[in-house]
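*Asks:* mmCIF, C-alpha atoms, file start-v3.cif:
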data_structure
loop_
_atom_site.label_atom_id
_atom_site.label_comp_id
_atom_site.auth_asym_id
_atom_site.auth_seq_id
_atom_site.Cartn_x
_atom_site.Cartn_y
_atom_site.Cartn_z
CA MET A 1 32.08 -0.29 7.20
CA ARG A 2 30.10 1.82 4.74
CA ASN A 3 27.35 -0.81 4.54
CA CYS A 4 27.18 -1.00 8.33
CA LEU A 5 26.70 2.76 8.57
CA ILE A 6 23.96 2.59 5.94
CA ILE A 7 22.15 -0.05 8.02
CA VAL A 8 22.44 2.18 11.11
CA ILE A 9 20.97 5.13 9.21
CA ILE A 10 18.06 3.06 7.92
CA ILE A 11 17.34 1.72 11.42
CA LEU A 12 17.29 5.24 12.84
CA LEU A 13 14.95 6.38 10.08
CA ALA A 14 12.67 3.42 10.76
CA LYS A 15 12.43 4.47 14.40
CA VAL A 16 11.49 8.01 13.41
CA VAL A 17 8.42 6.85 11.45
CA SER A 18 7.26 4.62 14.30
CA ALA A 19 6.80 1.24 12.63
CA GLN A 20 5.30 2.52 9.40
CA ASP A 21 3.52 -0.07 7.24
CA PRO A 22 4.87 -0.82 3.77
CA GLY A 23 3.25 1.53 1.29
CA PHE A 24 2.38 1.27 -2.39
CA SER A 25 2.38 4.17 -4.85
CA GLN A 26 -0.25 2.54 -7.07
CA PHE A 27 -2.82 2.70 -4.30
CA PHE A 28 -5.84 1.44 -6.24
CA SER A 29 -4.04 -1.41 -8.02
CA ASN A 30 -3.83 -3.12 -4.61
CA PRO A 31 -7.40 -2.41 -3.47
CA ILE A 32 -7.78 -4.90 -0.60
CA TYR A 33 -4.56 -3.63 0.98
CA LEU A 34 -5.87 -0.08 0.80
CA ASN A 35 -9.34 -0.89 2.10
CA PRO A 36 -11.02 -4.27 2.82
CA ALA A 37 -14.33 -2.80 1.66
CA PHE A 38 -13.02 -2.98 -1.91
CA ALA A 39 -13.47 -6.78 -1.84
CA GLY A 40 -15.92 -7.83 -4.54
CA THR A 41 -16.34 -4.40 -6.12
CA THR A 42 -15.80 -5.55 -9.71
CA GLU A 43 -18.18 -7.55 -11.89
CA LEU A 44 -15.57 -10.23 -12.59
CA PRO A 45 -13.26 -11.88 -10.04
CA ARG A 46 -10.01 -9.96 -9.63
CA VAL A 47 -6.44 -11.20 -9.20
CA ALA A 48 -3.96 -8.45 -8.25
CA ILE A 49 -0.18 -8.94 -8.26
CA ASN A 50 2.04 -6.16 -6.93
CA TYR A 51 5.80 -5.75 -6.57
CA ARG A 52 7.62 -2.76 -5.08
CA ASN A 53 11.40 -2.26 -4.95
CA GLN A 54 12.32 0.69 -2.75
CA TRP A 55 15.84 2.12 -2.65
CA PRO A 56 17.10 -0.40 -5.27
CA GLN A 57 20.70 0.84 -5.36
CA ARG A 58 21.13 -0.07 -1.70
CA GLY A 59 20.81 -3.79 -2.34
CA THR A 60 17.39 -5.17 -1.46
CA ALA A 61 16.72 -2.53 1.20
CA PHE A 62 12.91 -2.66 0.95
CA SER A 63 11.05 -5.13 -1.29
CA THR A 64 7.35 -5.93 -1.03
CA TYR A 65 5.37 -8.65 -2.83
CA SER A 66 1.60 -8.99 -2.80
CA LEU A 67 -0.93 -11.41 -4.28
CA SER A 68 -4.66 -10.94 -3.73
CA TYR A 69 -7.92 -12.36 -5.03
CA ASP A 70 -11.47 -11.11 -4.53
CA GLN A 71 -14.87 -11.66 -6.09
CA LEU A 72 -18.46 -10.48 -5.88
CA LEU A 73 -21.13 -12.75 -4.37
CA ILE A 74 -24.16 -11.51 -6.29
CA LYS A 75 -26.93 -13.26 -4.37
CA GLN A 76 -25.50 -12.27 -0.99
CA ASN A 77 -24.76 -8.65 -1.97
CA ALA A 78 -21.29 -9.28 -0.58
CA GLY A 79 -17.67 -9.72 -1.55
CA ILE A 80 -14.89 -11.97 -0.29
CA GLY A 81 -11.16 -11.96 -0.81
CA PHE A 82 -7.77 -12.92 0.51
CA GLN A 83 -4.27 -11.48 0.33
CA ILE A 84 -0.78 -12.90 0.79
CA MET A 85 2.08 -10.45 1.36
CA ARG A 86 5.81 -10.62 1.96
CA ASP A 87 7.79 -7.55 3.00
CA GLN A 88 11.61 -7.64 3.14
CA GLU A 89 13.30 -4.77 4.97
CA LEU A 90 16.86 -3.67 5.61
CA ASN A 91 18.47 -6.22 3.27
CA ASN A 92 16.42 -9.06 4.79
CA VAL A 93 17.10 -8.10 8.40
CA ILE A 94 13.31 -7.96 8.89
CA ASN A 95 10.95 -10.23 6.93
CA THR A 96 7.19 -10.05 7.32
CA ASN A 97 4.74 -12.61 5.92
CA SER A 98 1.00 -12.14 6.24
CA LEU A 99 -2.25 -13.76 5.19
CA SER A 100 -5.54 -11.89 5.48
CA LEU A 101 -9.19 -12.61 4.65
CA SER A 102 -11.65 -9.86 3.71
CA TYR A 103 -15.44 -9.69 3.69
CA SER A 104 -17.58 -6.83 2.45
CA TYR A 105 -21.30 -6.12 2.34
CA HIS A 106 -22.75 -3.95 -0.44
CA LEU A 107 -25.59 -1.47 -0.08
CA GLN A 108 -27.35 0.34 -2.89
CA LEU A 109 -28.47 3.69 -1.49
CA GLY A 110 -29.91 5.03 -4.73
CA PHE A 111 -29.84 4.55 -8.49
CA GLU A 112 -26.21 5.77 -8.67
CA SER A 113 -25.30 5.74 -4.99
CA PHE A 114 -23.55 2.77 -3.37
CA MET A 115 -21.77 1.97 -0.13
CA THR A 116 -19.72 -1.02 0.96
CA LEU A 117 -18.62 -1.99 4.47
CA GLY A 118 -15.60 -4.25 4.92
CA LEU A 119 -13.93 -6.39 7.58
CA GLN A 120 -10.48 -7.93 7.47
CA ALA A 121 -8.76 -10.49 9.71
CA GLY A 122 -5.30 -11.93 9.28
CA MET A 123 -2.18 -13.44 10.79
CA VAL A 124 1.28 -11.89 10.59
CA TYR A 125 4.56 -13.76 10.98
CA LYS A 126 7.59 -11.51 11.46
CA GLN A 127 11.21 -12.67 11.41
CA PHE A 128 14.14 -10.65 12.73
CA ASN A 129 17.56 -11.73 11.46
CA ILE A 130 19.42 -9.76 14.11
CA GLY A 131 22.77 -11.54 13.89
CA ASN A 132 24.27 -8.99 11.47
CA LEU A 133 22.79 -5.85 12.97
CA VAL A 134 25.08 -3.02 14.05
CA PHE A 135 23.98 -0.37 16.55
CA PRO A 136 25.63 3.02 17.18
CA SER A 137 26.64 1.92 20.68
CA GLY A 138 28.67 -0.91 19.15
CA ILE A 139 30.87 1.31 16.94
CA ASN A 140 34.07 2.95 18.21
CA GLN A 141 33.61 6.62 17.36
CA LEU A 142 37.37 7.18 16.89
CA THR A 143 38.48 4.12 14.94
CA GLY A 144 35.20 2.91 13.42
CA GLU A 145 35.87 -0.56 14.81
CA ILE A 146 32.78 -2.66 15.49
CA SER A 147 32.85 -4.01 19.03
CA GLU A 148 29.27 -5.30 19.33
CA TRP A 149 26.92 -6.61 16.65
CA VAL A 150 23.75 -7.35 18.59
CA SER A 151 22.41 -5.76 21.75
CA SER A 152 21.86 -8.24 24.59
CA HIS A 153 18.39 -6.76 25.12
CA TYR A 154 17.16 -8.25 21.82
CA SER A 155 15.89 -11.76 22.40
CA ASP A 156 12.86 -12.81 20.36
CA GLU A 157 13.65 -13.41 16.69
CA THR A 158 10.10 -14.19 15.51
CA LYS A 159 6.65 -12.77 16.16
CA LEU A 160 3.26 -14.26 15.29
CA TYR A 161 0.16 -12.16 15.90
CA PRO A 162 -3.38 -11.56 14.62
CA ASP A 163 -4.29 -8.33 12.87
CA PHE A 164 -7.67 -6.73 12.15
CA ALA A 165 -9.01 -3.90 9.99
CA VAL A 166 -12.33 -2.28 9.05
CA GLY A 167 -13.25 -0.02 6.18
CA ALA A 168 -15.98 1.63 4.17
CA VAL A 169 -16.16 2.95 0.62
CA GLY A 170 -18.94 4.87 -1.06
CA GLN A 171 -19.94 6.35 -4.38
CA HIS A 172 -22.41 8.92 -5.65
CA GLU A 173 -22.56 9.19 -9.43
CA GLU A 174 -18.95 9.83 -10.52
CA TYR A 175 -17.56 10.69 -7.08
CA TYR A 176 -16.17 8.15 -4.60
CA TRP A 177 -14.62 8.10 -1.14
CA GLY A 178 -13.27 5.68 1.44
CA VAL A 179 -12.05 5.38 5.03
CA THR A 180 -10.05 2.56 6.67
CA LEU A 181 -8.61 1.66 10.07
CA HIS A 182 -5.86 -0.96 10.17
CA HIS A 183 -4.29 -2.68 13.22
CA LEU A 184 -7.36 -2.24 15.40
CA ASN A 185 -5.91 -4.59 18.03
CA ARG A 186 -2.56 -2.76 18.06
CA PRO A 187 -0.43 -5.95 17.98
CA ASP A 188 2.86 -6.06 19.88
CA GLU A 189 5.78 -6.64 17.51
CA SER A 190 8.68 -5.53 19.70
CA VAL A 191 11.81 -7.69 20.07
CA ILE A 192 13.11 -5.75 23.07
CA GLU A 193 12.60 -7.27 26.50
CA GLY A 194 10.26 -5.14 28.60
CA ASP A 195 9.59 -2.68 25.78
CA GLN A 196 6.37 -0.73 26.32
CA LYS A 197 6.44 1.00 22.93
CA GLY A 198 6.33 -2.02 20.66
CA ARG A 199 2.63 -1.94 19.83
CA LEU A 200 1.87 -1.21 16.19
CA PRO A 201 -0.05 2.07 15.94
CA ILE A 202 -3.47 2.13 14.28
CA LYS A 203 -3.20 3.28 10.67
CA GLY A 204 -6.01 5.48 9.41
CA THR A 205 -6.62 6.18 5.71
CA VAL A 206 -9.07 8.58 4.09
CA HIS A 207 -9.35 8.97 0.33
CA ALA A 208 -11.66 10.60 -2.19
CA GLY A 209 -11.76 11.15 -5.94
CA ALA A 210 -13.82 11.33 -9.09
CA MET A 211 -14.03 9.99 -12.65
CA LEU A 212 -14.72 13.05 -14.82
CA HIS A 213 -15.49 12.34 -18.47
CA ARG A 214 -14.43 14.85 -21.13
CA LEU A 215 -14.37 15.02 -24.94
CA HIS A 216 -11.69 16.10 -27.39
CA TYR A 217 -13.22 18.51 -29.86
CA GLY A 218 -12.14 18.66 -33.47
CA LEU A 219 -11.53 16.29 -36.34
CA LEU A 220 -10.32 13.45 -34.10
CA SER A 221 -12.84 13.90 -31.31
CA ARG A 222 -12.50 11.21 -28.65
CA GLU A 223 -13.64 10.80 -25.09
CA PHE A 224 -11.16 10.68 -22.22
CA THR A 225 -11.43 10.58 -18.44
CA LEU A 226 -9.70 12.63 -15.76
CA SER A 227 -9.52 11.19 -12.26
CA PRO A 228 -8.31 13.58 -9.52
CA ASN A 229 -7.63 11.95 -6.15
CA ILE A 230 -6.60 12.81 -2.61
CA LEU A 231 -5.39 10.31 -0.03
CA TYR A 232 -4.37 10.97 3.58
CA GLN A 233 -2.74 8.43 5.92
CA GLN A 234 -1.71 8.64 9.54
CA GLN A 235 0.00 6.02 11.67
CA GLY A 236 1.19 7.13 15.08
CA SER A 237 3.10 10.37 14.59
CA PHE A 238 3.60 9.67 10.88
CA LYS A 239 1.33 11.74 8.61
CA GLN A 240 1.23 11.65 4.84
CA LEU A 241 -0.81 13.52 2.22
CA ASN A 242 -0.98 12.34 -1.40
CA LEU A 243 -2.44 14.39 -4.26
CA GLY A 244 -2.78 12.76 -7.66
CA ILE A 245 -4.50 12.76 -11.02
CA TYR A 246 -4.91 10.16 -13.78
CA MET A 247 -5.82 10.58 -17.43
CA ILE A 248 -7.46 7.62 -19.14
CA GLU A 249 -7.93 7.50 -22.93
CA LYS A 250 -9.31 4.21 -24.21
CA SER A 251 -6.90 1.63 -22.80
CA PHE A 252 -3.95 3.96 -22.11
CA LEU A 253 -3.45 5.53 -18.68
CA PHE A 254 -0.91 7.94 -17.26
CA GLY A 255 -0.72 10.29 -14.32
CA GLY A 256 1.17 11.25 -11.21
CA TRP A 257 1.09 11.84 -7.46
CA TYR A 258 2.69 14.35 -5.13
CA ARG A 259 3.54 12.78 -1.76
CA ASN A 260 4.14 14.98 1.27
CA ASN A 261 5.19 13.68 4.69
CA LEU A 262 3.59 16.47 6.70
CA ASP A 263 5.84 16.41 9.76
CA ILE A 264 9.06 16.42 7.72
CA ARG A 265 9.01 17.85 4.20
CA PRO A 266 7.85 17.02 0.64
CA ASP A 267 8.83 13.42 0.02
CA ALA A 268 8.39 12.36 -3.61
CA LEU A 269 6.93 12.91 -7.04
CA ILE A 270 5.38 9.77 -8.52
CA GLY A 271 4.97 9.18 -12.23
CA LEU A 272 2.95 6.27 -13.57
CA ILE A 273 1.77 4.72 -16.83
CA GLY A 274 -0.58 1.84 -17.47
CA LEU A 275 -2.49 -0.23 -19.98
CA ALA A 276 -6.06 -1.36 -19.24
CA LEU A 277 -7.62 -4.00 -21.49
CA ASP A 278 -10.83 -5.97 -20.95
CA ARG A 279 -9.25 -8.79 -18.92
CA ILE A 280 -5.87 -7.46 -17.85
CA GLN A 281 -4.41 -4.24 -16.47
CA LEU A 282 -0.70 -3.38 -16.29
CA GLY A 283 0.88 -0.53 -14.36
CA TYR A 284 4.37 0.85 -13.72
CA SER A 285 5.32 3.72 -11.44
CA PHE A 286 8.52 5.38 -10.25
CA ASP A 287 8.96 7.44 -7.09
CA PHE A 288 11.38 10.31 -7.55
CA THR A 289 12.56 11.35 -4.10
CA VAL A 290 12.74 15.13 -3.58
CA SER A 291 13.70 15.17 0.11
CA LYS A 292 17.24 14.91 1.49
CA LEU A 293 16.81 11.13 1.51
CA SER A 294 17.47 11.25 -2.25
CA ASN A 295 21.18 10.75 -1.44
CA TYR A 296 20.29 7.30 -0.10
CA SER A 297 17.01 6.27 -1.71
CA TYR A 298 17.52 6.51 -5.50
CA GLY A 299 13.77 6.32 -5.90
CA SER A 300 11.44 3.31 -6.00
CA HIS A 301 10.04 1.07 -8.73
CA GLU A 302 6.61 -0.51 -8.62
CA ILE A 303 4.84 -2.93 -10.98
CA SER A 304 1.23 -4.10 -10.87
CA VAL A 305 -0.68 -6.72 -12.84
CA THR A 306 -4.44 -7.12 -12.44
CA ILE A 307 -6.31 -9.97 -14.12
CA PHE A 308 -10.08 -10.38 -14.41
CA PRO A 309 -10.89 -14.07 -15.10
CA GLY A 310 -14.35 -15.45 -15.82
CA ARG A 311 -17.23 -14.44 -18.07
CA LYS A 312 -19.25 -11.24 -17.93
CA LYS A 313 -23.01 -11.41 -17.47
CA GLU A 314 -25.24 -10.35 -20.35
CA ILE A 315 -26.86 -7.80 -18.03
CA PRO A 316 -24.20 -5.63 -16.31
CA ILE A 317 -24.23 -5.65 -12.51
CA ARG A 318 -25.09 -2.22 -11.15
CA LYS A 319 -24.27 -2.82 -7.50
CA LYS A 320 -20.57 -2.13 -7.82
CA LEU A 321 -18.30 0.82 -7.11
CA ILE A 322 -16.09 2.91 -9.35
CA ILE A 323 -12.43 2.07 -8.75
CA PRO A 324 -9.60 4.00 -10.42
CA MET A 325 -7.62 1.76 -12.74
CA ILE A 326 -4.20 2.45 -11.19
#
Here is a file; write its structure as C-alpha cells.
*Replies:*
Amino acid sequence: MRNCLIIVIIILLAKVVSAQDPGFSQFFSNPIYLNPAFAGTTELPRVAINYRNQWPQRGTAFSTYSLSYDQLLIKQNAGIGFQIMRDQELNNVINTNSLSLSYSYHLQLGFESFMTLGLQAGMVYKQFNIGNLVFPSGINQLTGEISEWVSSHYSDETKLYPDFAVGAVGQHEEYYWGVTLHHLNRPDESVIEGDQKGRLPIKGTVHAGAMLHRLHYGLLSREFTLSPNILYQQQGSFKQLNLGIYMIEKSFLFGGWYRNNLDIRPDALIGLIGLALDRIQLGYSFDFTVSKLSNYSYGSHEISVTIFPGRKKEIPIRKKLIIPMI
C-alpha cells in the first residue's frame, strides 16, 4: 500500500510540472542534449556517456542513460553528431527511448569571436506500462483498499513521434552564451482518449558564463580558472534558474550549482567534482534536495565520462568554442 501511495504522489508531481524533460545536473558534460549547436565544438571527436539516478532510495524512480558522439568537419566549417537516450520513470511505468541527429554550422566573427548555429531532428518512442498504475479514484479513502488499477480512459500504451530543436552558441574572448528551443513541433504524447493537453510544451534554455584565469601568488604560484555560469530553463509553466561556479586547477575540477524552481521554492544544492585529462574527462555530482521533496527524493547521483579519440593537429584549430569541462 505504501508503494502504491508513493506512485500516486509521483504521478501528481509529474502533472504539476507539465511533462518536464529529464534534466542533468552536469549540464555541459552532455552538450548536445543541452544545445545542438555544441556539435563539433571540440578539436577532437567527442564521446559523452551520462548516467543519472534520481531518487535512488525509491527503487528506480527516475533513471536516465545517454550516449552521444559529435565531431568537427573542418573543411565544411560544420559539426555533426548523434545521441541515444533512455529515460525510465516511475519504476519503469514510463520508458522513453530516443535517437537524434545534430548538425551545426560555425562562424568566425572575429579573431576571438565565434558563433555556431545548430539543428536537431530525432524520433522518440515512449512506452507506458500502465497495468500496475494506481490512481486516487481507485483507492477506498476509508479502508485503503484498491478497487481499480487502471482508468478505462487510458488506451494507447506506446507513442512514436518526431522531435525537433534549434540552438545557437557564441563566444567573445573568455565569455560564452547559448540559447536553445526544444520540441518545436510540440509532439502529442498523451495516452488519454480525447485529451487536448497532451502536447509537449516547447522547452527554452538560455545560458551564459565565462572562463576567468587567475594566478596563485607565493612560493607555489600556479594558474587556475574560475568559471561562473547561469542557466535558465522554461517548459510550459515550469521555470528553473541555475547558478553555478567551477574551479579548475590543472586536471582537477570542483564546483557547485544552486537550483531554484521559480514557481515553487529553492530545489537543490548540487556539488560536483571531476578529473580532466588530455583524452578523458570524468565527473560526479550529487543533488542535495532542500525543498519539502527531500522526504521522498533522497537526492540524485550523476556520473559522466567524456572521451576524445583521435589525433590532434599540429596547428590548433581556432574555429571552436569554449565549453566548460563539467
*Asks:* To test your reading of the syntax: which residues would the PyMOL selection byres ((chain A and resi 128) around 7) return for the file shown? Reply as a list of chain:residue names.
*Replies:*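 Given this file, the PyMOL selection byres ((chain A and resi 128) around 7) evaluates to A:Val93, A:Ile94, A:Asn95, A:Lys126, A:Gln127, A:Asn129, A:Ile130, A:Glu157, A:Thr158.
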*Asks:* Written as a PyMOL selection string, what is the full residue list that the PyMOL selection byres ((chain A and resi 46) around 7) yields on the file shown?
*Replies:* chain A and resi 44-45+47-48+69-71+306-309
*Asks:* Using only C-alpha atoms, which of A:Phe38, A:Trp257, A:Tyr33, A:Tyr246 sits nearest Ala168 (chain A)?
*Replies:*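 Once distances to Ala168 (chain A) are computed over only C-alpha atoms, the minimum belongs to A:Phe38.
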*Asks:* Looking at A:Ser300, A:Thr289, A:Ser102, A:Thr225, which one is nearest to Thr64 (chain A), with distances taken over all atoms listed in the file?
*Replies:*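 Once distances to Thr64 (chain A) are computed over all atoms listed in the file, the minimum belongs to A:Ser300.
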*Asks:* Using CA of Glu302 (chain A) and CA of Tyr161 (chain A) as the two end points, give the distance in Å to one decimal.
*Replies:*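 Spanning CA of Glu302 (chain A) to CA of Tyr161 (chain A) is a straight-line distance of 27.9 Å.
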*Asks:* Evaluate the PyMOL selection byres ((chain A and resi 109-125) around 8) and record the selected residues as JSON, numbers by chain, following the chain and residue labels used in the document.
*Replies:* {"A": [35, 36, 37, 38, 39, 96, 97, 98, 99, 100, 101, 102, 103, 104, 105, 106, 107, 108, 126, 127, 158, 159, 160, 161, 162, 163, 164, 165, 166, 167, 168, 169, 170, 171, 172, 173, 319, 320, 321]}
*Asks:* Report, in Å to a single decimal, how far apart CA of Ile245 (chain A) and CA of Arg214 (chain A) are.
*Replies:*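 Computing it gives 14.3 Å between the two atoms.
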*Asks:* Using CA of Trp177 (chain A) and CA of Met211 (chain A) as the two end points, give the distance in Å to one decimal.
*Replies:*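 These two atoms are separated by 11.7 Å.
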*Asks:* Using all atoms listed in the file, what residues lie at most 12 Å away from (0.5, 4.8, -15.4) (file coordinates), given as a count of residues only?
*Replies:* 38
*Asks:* Give me region 114-125 of chain A with N, CA and C atoms filled in, as a tab-separated table (two decimals), in the frame of the given file.
*Replies:*
chain	number	residue	atom	x	y	z
A	114	PHE	N	-23.88	4.06	-3.94
A	114	PHE	CA	-23.55	2.77	-3.37
A	114	PHE	C	-22.66	2.96	-2.15
A	115	MET	N	-22.65	1.96	-1.29
A	115	MET	CA	-21.77	1.97	-0.13
A	115	MET	C	-21.42	0.53	0.20
A	116	THR	N	-20.19	0.31	0.61
A	116	THR	CA	-19.72	-1.02	0.96
A	116	THR	C	-18.98	-0.95	2.29
A	117	LEU	N	-19.29	-1.89	3.18
A	117	LEU	CA	-18.62	-1.99	4.47
A	117	LEU	C	-17.75	-3.24	4.46
A	118	GLY	N	-16.53	-3.14	4.99
A	118	GLY	CA	-15.60	-4.25	4.92
A	118	GLY	C	-14.95	-4.59	6.24
A	119	LEU	N	-14.66	-5.88	6.42
A	119	LEU	CA	-13.93	-6.39	7.58
A	119	LEU	C	-12.74	-7.20	7.08
A	120	GLN	N	-11.66	-7.17	7.85
A	120	GLN	CA	-10.48	-7.93	7.47
A	120	GLN	C	-9.84	-8.54	8.72
A	121	ALA	N	-9.45	-9.80	8.62
A	121	ALA	CA	-8.76	-10.49	9.71
A	121	ALA	C	-7.59	-11.26	9.12
A	122	GLY	N	-6.47	-11.25	9.81
A	122	GLY	CA	-5.30	-11.93	9.28
A	122	GLY	C	-4.32	-12.33	10.35
A	123	MET	N	-3.29	-13.04	9.92
A	123	MET	CA	-2.18	-13.44	10.79
A	123	MET	C	-0.89	-12.92	10.17
A	124	VAL	N	0.00	-12.45	11.03
A	124	VAL	CA	1.28	-11.89	10.59
A	124	VAL	C	2.41	-12.66	11.26
A	125	TYR	N	3.38	-13.08	10.46
A	125	TYR	CA	4.56	-13.76	10.98
A	125	TYR	C	5.78	-12.91	10.63
